[in-house]
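J.: Sharing protein-v5.cif below, mmCIF, C-alpha atoms and all ligand atoms:
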```cif
data_input
loop_
_atom_site.label_atom_id
_atom_site.label_comp_id
_atom_site.auth_asym_id
_atom_site.auth_seq_id
_atom_site.Cartn_x
_atom_site.Cartn_y
_atom_site.Cartn_z
CA MET A 1 -12.88 -8.36 -10.72
CA THR A 2 -16.04 -6.63 -11.87
CA GLN A 3 -16.53 -2.87 -11.98
CA ASN A 4 -18.90 -3.15 -9.01
CA GLU A 5 -16.90 -5.80 -7.15
CA PHE A 6 -17.43 -4.14 -3.76
CA ALA A 7 -21.04 -2.93 -4.11
CA GLY A 8 -22.71 -3.22 -0.70
CA LYS A 9 -19.35 -3.87 0.97
CA VAL A 10 -17.62 -1.75 3.58
CA ALA A 11 -13.88 -1.30 4.06
CA LEU A 12 -11.98 0.44 6.83
CA VAL A 13 -8.56 1.81 5.85
CA THR A 14 -6.02 3.06 8.40
CA GLY A 15 -3.47 5.70 7.39
CA ALA A 16 -5.78 6.59 4.50
CA GLY A 17 -5.01 10.32 4.55
CA ALA A 18 -2.01 10.00 2.22
CA GLY A 19 0.09 7.69 0.08
CA ILE A 20 -0.79 4.00 -0.21
CA GLY A 21 -3.78 4.21 2.18
CA ARG A 22 -5.33 7.05 0.18
CA SER A 23 -4.93 5.07 -3.04
CA ILE A 24 -6.54 1.98 -1.47
CA ALA A 25 -9.53 4.07 -0.33
CA LEU A 26 -9.90 5.52 -3.85
CA GLU A 27 -9.60 2.11 -5.54
CA TRP A 28 -12.11 0.49 -3.16
CA SER A 29 -14.73 3.19 -3.79
CA ALA A 30 -14.05 3.14 -7.55
CA ARG A 31 -15.26 -0.48 -7.47
CA GLY A 32 -18.52 0.43 -5.75
CA GLY A 33 -17.66 -0.01 -2.07
CA VAL A 34 -18.22 2.20 0.95
CA VAL A 35 -15.00 3.23 2.66
CA ILE A 36 -14.22 4.46 6.17
CA VAL A 37 -11.23 6.75 5.60
CA THR A 38 -9.25 6.96 8.85
CA ASP A 39 -6.02 8.74 9.70
CA ILE A 40 -4.25 10.20 12.72
CA ASP A 41 -4.49 13.50 10.82
CA PRO A 42 -8.21 14.34 10.65
CA ALA A 43 -7.76 17.03 7.97
CA ALA A 44 -6.04 14.49 5.71
CA ALA A 45 -8.85 11.95 6.25
CA ASP A 46 -11.45 14.66 5.52
CA SER A 47 -9.71 15.68 2.32
CA VAL A 48 -9.52 12.09 0.97
CA ALA A 49 -13.16 11.45 1.90
CA ALA A 50 -14.15 14.68 0.11
CA GLU A 51 -12.17 13.55 -2.96
CA ILE A 52 -14.14 10.27 -2.98
CA GLY A 53 -17.56 11.77 -2.28
CA GLY A 54 -20.69 10.23 -0.80
CA SER A 55 -19.43 6.65 -0.40
CA ALA A 56 -16.69 7.72 2.03
CA HIS A 57 -16.78 8.59 5.72
CA ALA A 58 -13.81 10.30 7.36
CA MET A 59 -12.67 9.60 10.91
CA LYS A 60 -9.70 10.55 13.03
CA LEU A 61 -8.00 7.33 14.10
CA ASP A 62 -4.63 6.87 15.76
CA VAL A 63 -3.88 3.15 15.44
CA LYS A 64 -2.12 3.28 18.82
CA ASP A 65 -5.47 4.16 20.46
CA ARG A 66 -7.62 1.13 21.31
CA GLN A 67 -10.71 3.23 22.05
CA ALA A 68 -10.44 5.10 18.73
CA ILE A 69 -10.27 1.75 16.91
CA HIS A 70 -13.34 0.58 18.79
CA ASP A 71 -15.16 3.78 17.77
CA ALA A 72 -14.10 3.55 14.10
CA VAL A 73 -15.39 -0.02 13.77
CA ALA A 74 -18.61 0.97 15.57
CA THR A 75 -18.99 3.86 13.12
CA SER A 76 -18.57 1.57 10.13
CA VAL A 77 -21.37 -0.60 11.52
CA GLN A 78 -23.61 2.41 12.29
CA VAL A 79 -23.17 4.37 9.08
CA ALA A 80 -22.59 1.56 6.60
CA GLY A 81 -24.15 -1.53 8.20
CA GLY A 82 -21.06 -3.63 8.91
CA LEU A 83 -17.46 -4.33 7.99
CA ASP A 84 -16.22 -6.56 5.16
CA ALA A 85 -12.60 -5.52 4.70
CA LEU A 86 -9.83 -4.05 6.80
CA PHE A 87 -6.70 -2.52 5.29
CA ASN A 88 -3.97 -2.00 7.90
CA VAL A 89 -1.84 0.63 6.22
CA ALA A 90 -0.70 3.16 8.86
CA GLY A 91 3.01 2.86 9.47
CA ILE A 92 6.06 4.88 10.54
CA ASN A 93 9.81 4.51 10.38
CA ILE A 94 12.44 6.08 12.64
CA PRO A 95 15.78 5.35 10.99
CA ARG A 96 18.28 4.66 13.79
CA ASN A 97 20.55 1.79 14.59
CA ILE A 98 19.63 -0.07 17.75
CA GLU A 99 22.42 1.50 19.80
CA GLU A 100 21.10 4.99 18.98
CA MET A 101 17.42 4.18 19.25
CA ALA A 102 15.63 5.28 22.42
CA GLU A 103 13.28 2.77 23.97
CA ASP A 104 10.23 4.98 23.38
CA GLU A 105 11.16 5.23 19.67
CA TRP A 106 11.40 1.43 19.47
CA TYR A 107 7.97 1.05 21.03
CA ALA A 108 6.47 3.80 18.83
CA VAL A 109 7.50 1.92 15.66
CA LEU A 110 6.45 -1.51 16.93
CA ASP A 111 3.20 -0.13 18.31
CA THR A 112 2.21 1.76 15.15
CA ASN A 113 3.27 -0.89 12.63
CA LEU A 114 2.65 -4.22 14.38
CA THR A 115 0.70 -4.05 17.64
CA SER A 116 -1.89 -1.86 15.90
CA ILE A 117 -2.81 -4.85 13.74
CA TYR A 118 -3.54 -6.90 16.85
CA ARG A 119 -5.84 -4.06 17.99
CA THR A 120 -7.70 -3.47 14.71
CA CYS A 121 -8.16 -7.18 14.00
CA LYS A 122 -9.39 -7.92 17.50
CA ARG A 123 -12.18 -5.38 17.03
CA ALA A 124 -12.89 -6.08 13.32
CA LEU A 125 -12.98 -9.89 13.36
CA PRO A 126 -16.32 -10.23 15.21
CA GLU A 127 -17.97 -7.77 12.80
CA MET A 128 -16.64 -9.68 9.78
CA ARG A 129 -17.89 -12.93 11.28
CA LYS A 130 -21.38 -11.37 11.50
CA ARG A 131 -21.19 -10.72 7.73
CA GLY A 132 -20.25 -14.35 7.04
CA GLY A 133 -16.60 -13.56 6.32
CA GLY A 134 -14.24 -10.85 5.19
CA ALA A 135 -10.75 -9.90 4.09
CA ILE A 136 -7.85 -8.30 5.91
CA VAL A 137 -4.88 -6.87 4.04
CA ASN A 138 -1.81 -5.77 5.97
CA ILE A 139 0.76 -3.49 4.38
CA ALA A 140 4.15 -4.92 5.34
CA SER A 141 7.31 -3.98 3.40
CA VAL A 142 10.21 -5.39 1.47
CA ALA A 143 12.05 -4.37 4.68
CA GLY A 144 10.29 -7.31 6.33
CA ILE A 145 12.14 -9.62 3.92
CA LEU A 146 15.49 -7.87 3.56
CA ALA A 147 16.88 -5.93 6.52
CA GLU A 148 17.43 -2.24 5.84
CA ASN A 149 20.42 -0.51 7.38
CA ARG A 150 19.55 1.67 10.41
CA CYS A 151 15.96 0.44 10.35
CA GLY A 152 16.03 -2.36 12.94
CA ALA A 153 12.70 -1.50 14.54
CA TYR A 154 11.01 -0.98 11.17
CA SER A 155 12.35 -4.23 9.68
CA ALA A 156 11.45 -6.19 12.82
CA SER A 157 7.94 -4.71 12.81
CA LYS A 158 7.36 -5.53 9.15
CA GLY A 159 8.75 -9.07 9.50
CA GLY A 160 6.33 -9.39 12.40
CA VAL A 161 3.47 -8.17 10.22
CA MET A 162 4.21 -10.91 7.68
CA LEU A 163 4.19 -13.68 10.28
CA LEU A 164 1.16 -12.29 12.12
CA THR A 165 -0.60 -12.30 8.73
CA ARG A 166 0.03 -16.04 8.43
CA ASN A 167 -1.11 -16.67 11.97
CA LEU A 168 -4.35 -14.72 11.47
CA ALA A 169 -4.94 -16.59 8.20
CA MET A 170 -4.64 -19.91 10.03
CA ASP A 171 -6.83 -18.96 12.96
CA PHE A 172 -9.70 -17.32 11.06
CA ALA A 173 -9.99 -19.32 7.82
CA LYS A 174 -12.76 -21.24 9.58
CA ASP A 175 -14.76 -17.99 9.70
CA ASN A 176 -14.24 -17.35 5.97
CA ILE A 177 -11.92 -14.47 6.79
CA ARG A 178 -8.86 -14.29 4.55
CA VAL A 179 -5.75 -12.45 5.72
CA ASN A 180 -2.92 -11.44 3.40
CA ALA A 181 -0.08 -8.95 3.23
CA VAL A 182 1.46 -6.77 0.56
CA CYS A 183 5.20 -6.04 0.74
CA PRO A 184 5.85 -2.83 -1.18
CA GLY A 185 9.26 -1.72 -2.34
CA SER A 186 10.05 1.96 -2.84
CA THR A 187 6.78 3.81 -3.44
CA ARG A 188 6.33 7.49 -4.27
CA THR A 189 4.36 8.70 -1.25
CA PRO A 190 4.67 11.90 0.83
CA ARG A 191 6.74 10.11 3.47
CA LEU A 192 9.22 8.73 0.94
CA GLU A 193 9.41 11.99 -0.98
CA LYS A 194 10.64 13.63 2.25
CA TYR A 195 13.42 11.03 2.48
CA TRP A 196 14.35 11.53 -1.17
CA GLN A 197 14.85 15.27 -0.58
CA ARG A 198 17.78 14.26 1.65
CA SER A 199 19.48 12.08 -0.99
CA PRO A 200 22.17 13.66 -3.21
CA THR A 201 20.09 13.01 -6.35
CA GLY A 202 16.74 14.04 -4.83
CA LYS A 203 15.39 10.67 -6.00
CA SER A 204 14.82 7.27 -4.42
CA GLU A 205 18.10 5.46 -3.77
CA ILE A 206 16.28 2.15 -3.24
CA ALA A 207 14.49 2.36 -6.59
CA VAL A 208 17.73 2.22 -8.59
CA LEU A 209 18.62 -1.05 -6.85
CA ALA A 210 15.45 -2.67 -8.22
CA PRO A 211 15.65 -4.32 -11.66
CA MET A 212 12.77 -2.07 -12.78
CA ARG A 213 14.86 0.97 -11.80
CA ARG A 214 11.96 3.08 -10.57
CA SER A 215 9.67 3.55 -7.60
CA ALA A 216 6.07 2.38 -7.60
CA GLU A 217 3.22 4.83 -7.83
CA PRO A 218 0.88 4.41 -4.81
CA GLU A 219 -1.83 2.88 -7.01
CA GLU A 220 0.61 0.16 -8.10
CA ILE A 221 0.60 -1.00 -4.47
CA ALA A 222 -3.10 -0.27 -3.88
CA ARG A 223 -4.32 -2.43 -6.78
CA PRO A 224 -2.59 -5.63 -5.58
CA ALA A 225 -3.98 -4.91 -2.08
CA ILE A 226 -7.46 -4.52 -3.57
CA PHE A 227 -6.99 -7.75 -5.55
CA LEU A 228 -6.20 -9.62 -2.32
CA ALA A 229 -9.47 -8.37 -0.81
CA SER A 230 -11.49 -9.27 -3.91
CA SER A 231 -13.28 -12.45 -4.95
CA ASP A 232 -10.48 -13.05 -7.51
CA ALA A 233 -8.30 -13.97 -4.52
CA SER A 234 -10.91 -16.25 -2.96
CA TYR A 235 -8.42 -19.10 -2.30
CA ILE A 236 -5.53 -16.89 -1.21
CA THR A 237 -4.88 -16.55 2.50
CA GLY A 238 -1.68 -16.22 4.52
CA ALA A 239 0.20 -14.88 1.49
CA SER A 240 2.64 -11.99 1.40
CA LEU A 241 2.57 -10.52 -2.08
CA VAL A 242 5.86 -8.82 -2.89
CA VAL A 243 5.37 -5.71 -5.04
CA ASP A 244 8.86 -4.27 -5.31
CA GLY A 245 9.89 -3.97 -8.98
CA GLY A 246 12.11 -7.02 -8.46
CA LEU A 247 14.16 -5.49 -5.62
CA SER A 248 14.13 -8.65 -3.50
CA ALA A 249 14.22 -11.08 -6.45
CA GLY A 250 17.97 -11.54 -6.36
CA ILE A 251 21.43 -10.05 -6.29
CA ASN A 252 22.60 -7.91 -9.19
CA VAL A 253 26.19 -8.76 -10.09
CA PRO A 254 27.56 -5.98 -12.35
CA THR A 255 30.40 -8.21 -13.63
CA PHE A 256 27.91 -10.63 -15.17
CA GLU A 257 26.39 -7.76 -17.16
CA ARG A 258 29.81 -7.21 -18.77
CA MET A 259 30.57 -10.86 -19.60
N1 LIG B 301 6.22 4.32 0.63
C1 LIG B 301 7.00 3.27 0.60
O1 LIG B 301 8.01 3.24 -0.14
C2 LIG B 301 6.66 2.06 1.44
C3 LIG B 301 7.43 0.91 1.23
C4 LIG B 301 7.13 -0.21 1.98
C5 LIG B 301 6.11 -0.19 2.91
N2 LIG B 301 5.40 0.95 3.09
C6 LIG B 301 4.33 0.92 4.10
O2 LIG B 301 3.13 1.38 3.53
C7 LIG B 301 2.35 2.02 4.54
C8 LIG B 301 1.95 3.40 4.07
O3 LIG B 301 3.11 4.14 3.82
P1 LIG B 301 3.12 5.49 2.98
O4 LIG B 301 4.47 5.62 2.37
O5 LIG B 301 1.90 5.56 2.15
O6 LIG B 301 3.07 6.53 4.19
P2 LIG B 301 2.67 8.07 4.26
O7 LIG B 301 3.45 8.62 5.37
O8 LIG B 301 2.79 8.70 2.93
O9 LIG B 301 1.14 7.97 4.70
C9 LIG B 301 0.87 7.31 5.89
C10 LIG B 301 -0.39 7.89 6.52
O10 LIG B 301 -0.50 7.25 7.79
C11 LIG B 301 -0.84 8.21 8.75
N3 LIG B 301 -0.39 7.78 10.07
C12 LIG B 301 0.84 7.87 10.61
N4 LIG B 301 0.81 7.39 11.88
C13 LIG B 301 -0.47 7.00 12.12
C14 LIG B 301 -1.12 6.46 13.24
N5 LIG B 301 -0.49 6.23 14.41
N6 LIG B 301 -2.43 6.15 13.14
C15 LIG B 301 -3.10 6.39 11.98
N7 LIG B 301 -2.55 6.95 10.90
C16 LIG B 301 -1.23 7.24 10.96
C17 LIG B 301 -0.17 9.50 8.29
O11 LIG B 301 -0.84 10.65 8.83
C18 LIG B 301 -0.31 9.40 6.77
O12 LIG B 301 -1.50 10.03 6.31
C19 LIG B 301 3.20 2.03 5.81
O13 LIG B 301 2.84 0.94 6.63
C20 LIG B 301 4.60 1.84 5.28
O14 LIG B 301 5.46 1.26 6.22
C21 LIG B 301 5.65 2.09 2.37
#
```
Write out the structure in this file as structure tokens.
T.:
Amino acid sequence: MTQNEFAGKVALVTGAGAGIGRSIALEWSARGGVVIVTDIDPAAADSVAAEIGGSAHAMKLDVKDRQAIHDAVATSVQVAGGLDALFNVAGINIPRNIEEMAEDEWYAVLDTNLTSIYRTCKRALPEMRKRGGGAIVNIASVAGILAENRCGAYSASKGGVMLLTRNLAMDFAKDNIRVNAVCPGSTRTPRLEKYWQRSPTGKSEIAVLAPMRRSAEPEEIARPAIFLASSDASYITGASLVVDGGLSAGINVPTFERM
């Protein structure tokens, strides 16, 4: 990947006001690209765009809102000339088991994490086709591979993201549009830091289960996502890249450590 890999290219990032989305926006612009920084929280989007400077445009975008998605893609075409990459990052979790979970909570998680990707892709694909191709990167989760306790809706949504990624890859390869996913493990973002405050140690409880025994920094997830959108990944489509410090690699058997 060259320093100016994305010169003349435009990316739209959802959930870019914090955490992994913010890091993706920063990494894209650091490699010369224009970025449309979108978030449900307009102040957060503004602050990240200000951090980046002239190559960033901030927009309020709730990924549950079809019209807002339409407007954000239209803006990327108006202000930057088109759309080359889409990073679907916005996501929420409501930890409840299914018996406790209200139907509106179920739909909120599925809508934000999975159905949103149907909406953004539907609007972005024609614009990418006009540019002769493009790249879509969906942020799934290790929870789409391994179920997490009390996170049925979240795990189902992220498993859905991984399979939808493969389906999109199959359907749009003919248009030179590659579609991949990243499955992060525990990553130090504002959302996760709130969870950690509730743990007895104040640290990530998932991270210690990973062979690497630490959480990822947001840029350690952003860089693999950027790689998947770059020309270095030109023959990769339909892949889910697991970036979890080895969490899902296998089962740790303490007895074997002592033998
Ligand atoms: N942090 C982790 O450990 C981790 C692990 C696996 C997967 N992920 C996934 O990575 C993605 C980003 O997570 P994060 O930890 O950086 O989150 P975060 O909460 O730190 O940041 C997410 C951003 O998305 C925005 N957002 C929330 N709902 C939105 C909506 N409806 N429309 C648009 N924007 C919205 C928030 O305002 C926030 O700025 C999510 O899809 C999450 O499921 C995170």
J.: Show me the residues around (-16.4, -7.1, 8.6) - criterion: an atom at most 10 Å away, only C-alpha atoms counted - as a ChimeraX atom specification.
T.: /A:9-12,73,76-77,81-86,121,123-136,177
J.: Pick out the residues no farther than 8 Å from ligand LIG 301 (chain B), counting all atoms listed in the file, and list them as an NGL selection string.
T.: :A and (14-22 or 38-41 or 44-45 or 60-64 or 88-93 or 112-113 or 139-143 or 154 or 158 or 183-192 or 215-216 or 218)
J.: Place a sphere of radius 9 Å on (-16.9, 8.4, -0.4) in the file coordinates and name every protein, DNA or RNA residue with an atom inside or on its surface, counting only C-alpha atoms; give the answer as number ranges by chain.
T.: A: 25-26, 29, 33-37, 48-58
J.: For those residues, write C-alpha atoms to a file as a short mmCIF file (atom, residue, chain, number, x, y, z; two decimals), in the coordinates of the input.
T.:
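Saved file result_20.cif follows:
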```cif
data_model
loop_
_atom_site.label_atom_id
_atom_site.label_comp_id
_atom_site.auth_asym_id
_atom_site.auth_seq_id
_atom_site.Cartn_x
_atom_site.Cartn_y
_atom_site.Cartn_z
CA ALA A 25 -9.53 4.07 -0.33
CA LEU A 26 -9.90 5.52 -3.85
CA SER A 29 -14.73 3.19 -3.79
CA GLY A 33 -17.66 -0.01 -2.07
CA VAL A 34 -18.22 2.20 0.95
CA VAL A 35 -15.00 3.23 2.66
CA ILE A 36 -14.22 4.46 6.17
CA VAL A 37 -11.23 6.75 5.60
CA VAL A 48 -9.52 12.09 0.97
CA ALA A 49 -13.16 11.45 1.90
CA ALA A 50 -14.15 14.68 0.11
CA GLU A 51 -12.17 13.55 -2.96
CA ILE A 52 -14.14 10.27 -2.98
CA GLY A 53 -17.56 11.77 -2.28
CA GLY A 54 -20.69 10.23 -0.80
CA SER A 55 -19.43 6.65 -0.40
CA ALA A 56 -16.69 7.72 2.03
CA HIS A 57 -16.78 8.59 5.72
CA ALA A 58 -13.81 10.30 7.36
#
```
J.: Give me the residues near Arg150 in chain A as a list in words, where near means some atom within 12 Å (using all atoms listed in the file) and where sequence neighbours in that chain fewer than 3 positions away do not count.
T.: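 With the cut-off at 12 Å, the set is Asn93, Ile94, Pro95, Arg96, Asn97, Ile98, Glu99, Glu100, Met101, Ala143, Ala147, Ala153, Tyr154, Ser155 and Ala156 of chain A.
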J.: If we count all atoms listed in the file, what is near Leu168 in chain A at a cut-off of 12 Å, once residues fewer than 2 positions away on the same chain are taken out, given as a ChimeraX atom specification?
T.: /A:117-118,121-122,125,135-138,160-166,170-181,237-239
J.: Build an axis-aligned box that encloses every atom of range 129-138 of chain A listed in the file, pad it by 8 Å on each side, and report its centre and edge lengths in Å to one decimal, as lines of an AutoDock Vina configuration file.
T.:
```
center_x = -11.6
center_y = -10.1
center_z = 7.8
size_x = 35.6
size_y = 24.6
size_z = 23.5
```
J.: Provide the CA of Val243 in chain A to CA of Ile221 in chain A distance in Å, to one decimal place.
T.: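 So the answer is 6.7 Å.
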J.: Please measure the separation of CA of Leu114 in chain A and CA of Ser240 in chain A, giving the value in Å to one decimal.
T.: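 Taking CA of Leu114 in chain A and CA of Ser240 in chain A, their separation equals 15.1 Å.
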J.: Pick from A:Ile251, A:Ile24, A:Phe6, A:Ser234: nearest to Glu217 in chain A, with all atoms listed in the file counted?
T.: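 Checking each candidate against Glu217 in chain A, we get A:Ile24 as the closest.
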J.: Rounded to one decimal place, report the CA of Ala229 in chain A-CA of Ala169 in chain A distance in Å.
T.: 13.0 Å
J.: Could you check the closest approach to Pro254 in chain A for each of A:Leu228, A:Leu209, A:Ala74, A:Ala102 and tell me which residue wins, using all atoms listed in the file?
T.: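 For Pro254 in chain A, the nearest of the given residues is A:Leu209.
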J.: For Glu205 in chain A, find every residue with an atom within 10 Å (counting all atoms listed in the file), except residues of its own chain fewer than 2 positions away, and show them as a list in words.
T.: Ser186, Tyr195, Trp196, Ser199, Pro200, Thr201, Gly202, Lys203, Ala207, Val208, Leu209, Ala210, Arg213, Arg214 and Ser215 of chain A
J.: Taking only N, CA and C atoms, show range 102-114 of chain A of the given structure as a PDB file, in the first residue's frame.
T.:
```pdb
ATOM      1  N   ALA A 102     -36.881  -7.341  24.996  1.00  0.00           N
ATOM      2  CA  ALA A 102     -38.137  -6.858  24.403  1.00  0.00           C
ATOM      3  C   ALA A 102     -37.998  -6.883  22.884  1.00  0.00           C
ATOM      4  N   GLU A 103     -39.140  -7.014  22.224  1.00  0.00           N
ATOM      5  CA  GLU A 103     -39.104  -7.125  20.763  1.00  0.00           C
ATOM      6  C   GLU A 103     -38.488  -5.873  20.119  1.00  0.00           C
ATOM      7  N   ASP A 104     -38.778  -4.699  20.685  1.00  0.00           N
ATOM      8  CA  ASP A 104     -38.205  -3.488  20.067  1.00  0.00           C
ATOM      9  C   ASP A 104     -36.690  -3.439  20.245  1.00  0.00           C
ATOM     10  N   GLU A 105     -36.185  -4.034  21.346  1.00  0.00           N
ATOM     11  CA  GLU A 105     -34.720  -4.094  21.532  1.00  0.00           C
ATOM     12  C   GLU A 105     -34.099  -5.035  20.486  1.00  0.00           C
ATOM     13  N   TRP A 106     -34.761  -6.179  20.276  1.00  0.00           N
ATOM     14  CA  TRP A 106     -34.283  -7.123  19.253  1.00  0.00           C
ATOM     15  C   TRP A 106     -34.168  -6.419  17.899  1.00  0.00           C
ATOM     16  N   TYR A 107     -35.253  -5.736  17.530  1.00  0.00           N
ATOM     17  CA  TYR A 107     -35.253  -5.075  16.220  1.00  0.00           C
ATOM     18  C   TYR A 107     -34.238  -3.935  16.159  1.00  0.00           C
ATOM     19  N   ALA A 108     -34.034  -3.239  17.282  1.00  0.00           N
ATOM     20  CA  ALA A 108     -33.049  -2.133  17.283  1.00  0.00           C
ATOM     21  C   ALA A 108     -31.651  -2.671  16.977  1.00  0.00           C
ATOM     22  N   VAL A 109     -31.294  -3.803  17.571  1.00  0.00           N
ATOM     23  CA  VAL A 109     -29.953  -4.374  17.343  1.00  0.00           C
ATOM     24  C   VAL A 109     -29.833  -4.893  15.904  1.00  0.00           C
ATOM     25  N   LEU A 110     -30.840  -5.651  15.471  1.00  0.00           N
ATOM     26  CA  LEU A 110     -30.780  -6.200  14.102  1.00  0.00           C
ATOM     27  C   LEU A 110     -30.801  -5.097  13.061  1.00  0.00           C
ATOM     28  N   ASP A 111     -31.591  -4.060  13.330  1.00  0.00           N
ATOM     29  CA  ASP A 111     -31.726  -2.959  12.381  1.00  0.00           C
ATOM     30  C   ASP A 111     -30.412  -2.184  12.267  1.00  0.00           C
ATOM     31  N   THR A 112     -29.840  -1.843  13.423  1.00  0.00           N
ATOM     32  CA  THR A 112     -28.601  -1.043  13.427  1.00  0.00           C
ATOM     33  C   THR A 112     -27.423  -1.833  12.860  1.00  0.00           C
ATOM     34  N   ASN A 113     -27.315  -3.097  13.229  1.00  0.00           N
ATOM     35  CA  ASN A 113     -26.097  -3.854  12.889  1.00  0.00           C
ATOM     36  C   ASN A 113     -26.179  -4.562  11.535  1.00  0.00           C
ATOM     37  N   LEU A 114     -27.371  -5.014  11.150  1.00  0.00           N
ATOM     38  CA  LEU A 114     -27.472  -5.865   9.955  1.00  0.00           C
ATOM     39  C   LEU A 114     -28.296  -5.216   8.839  1.00  0.00           C
TER      40      LEU A 114
END
```
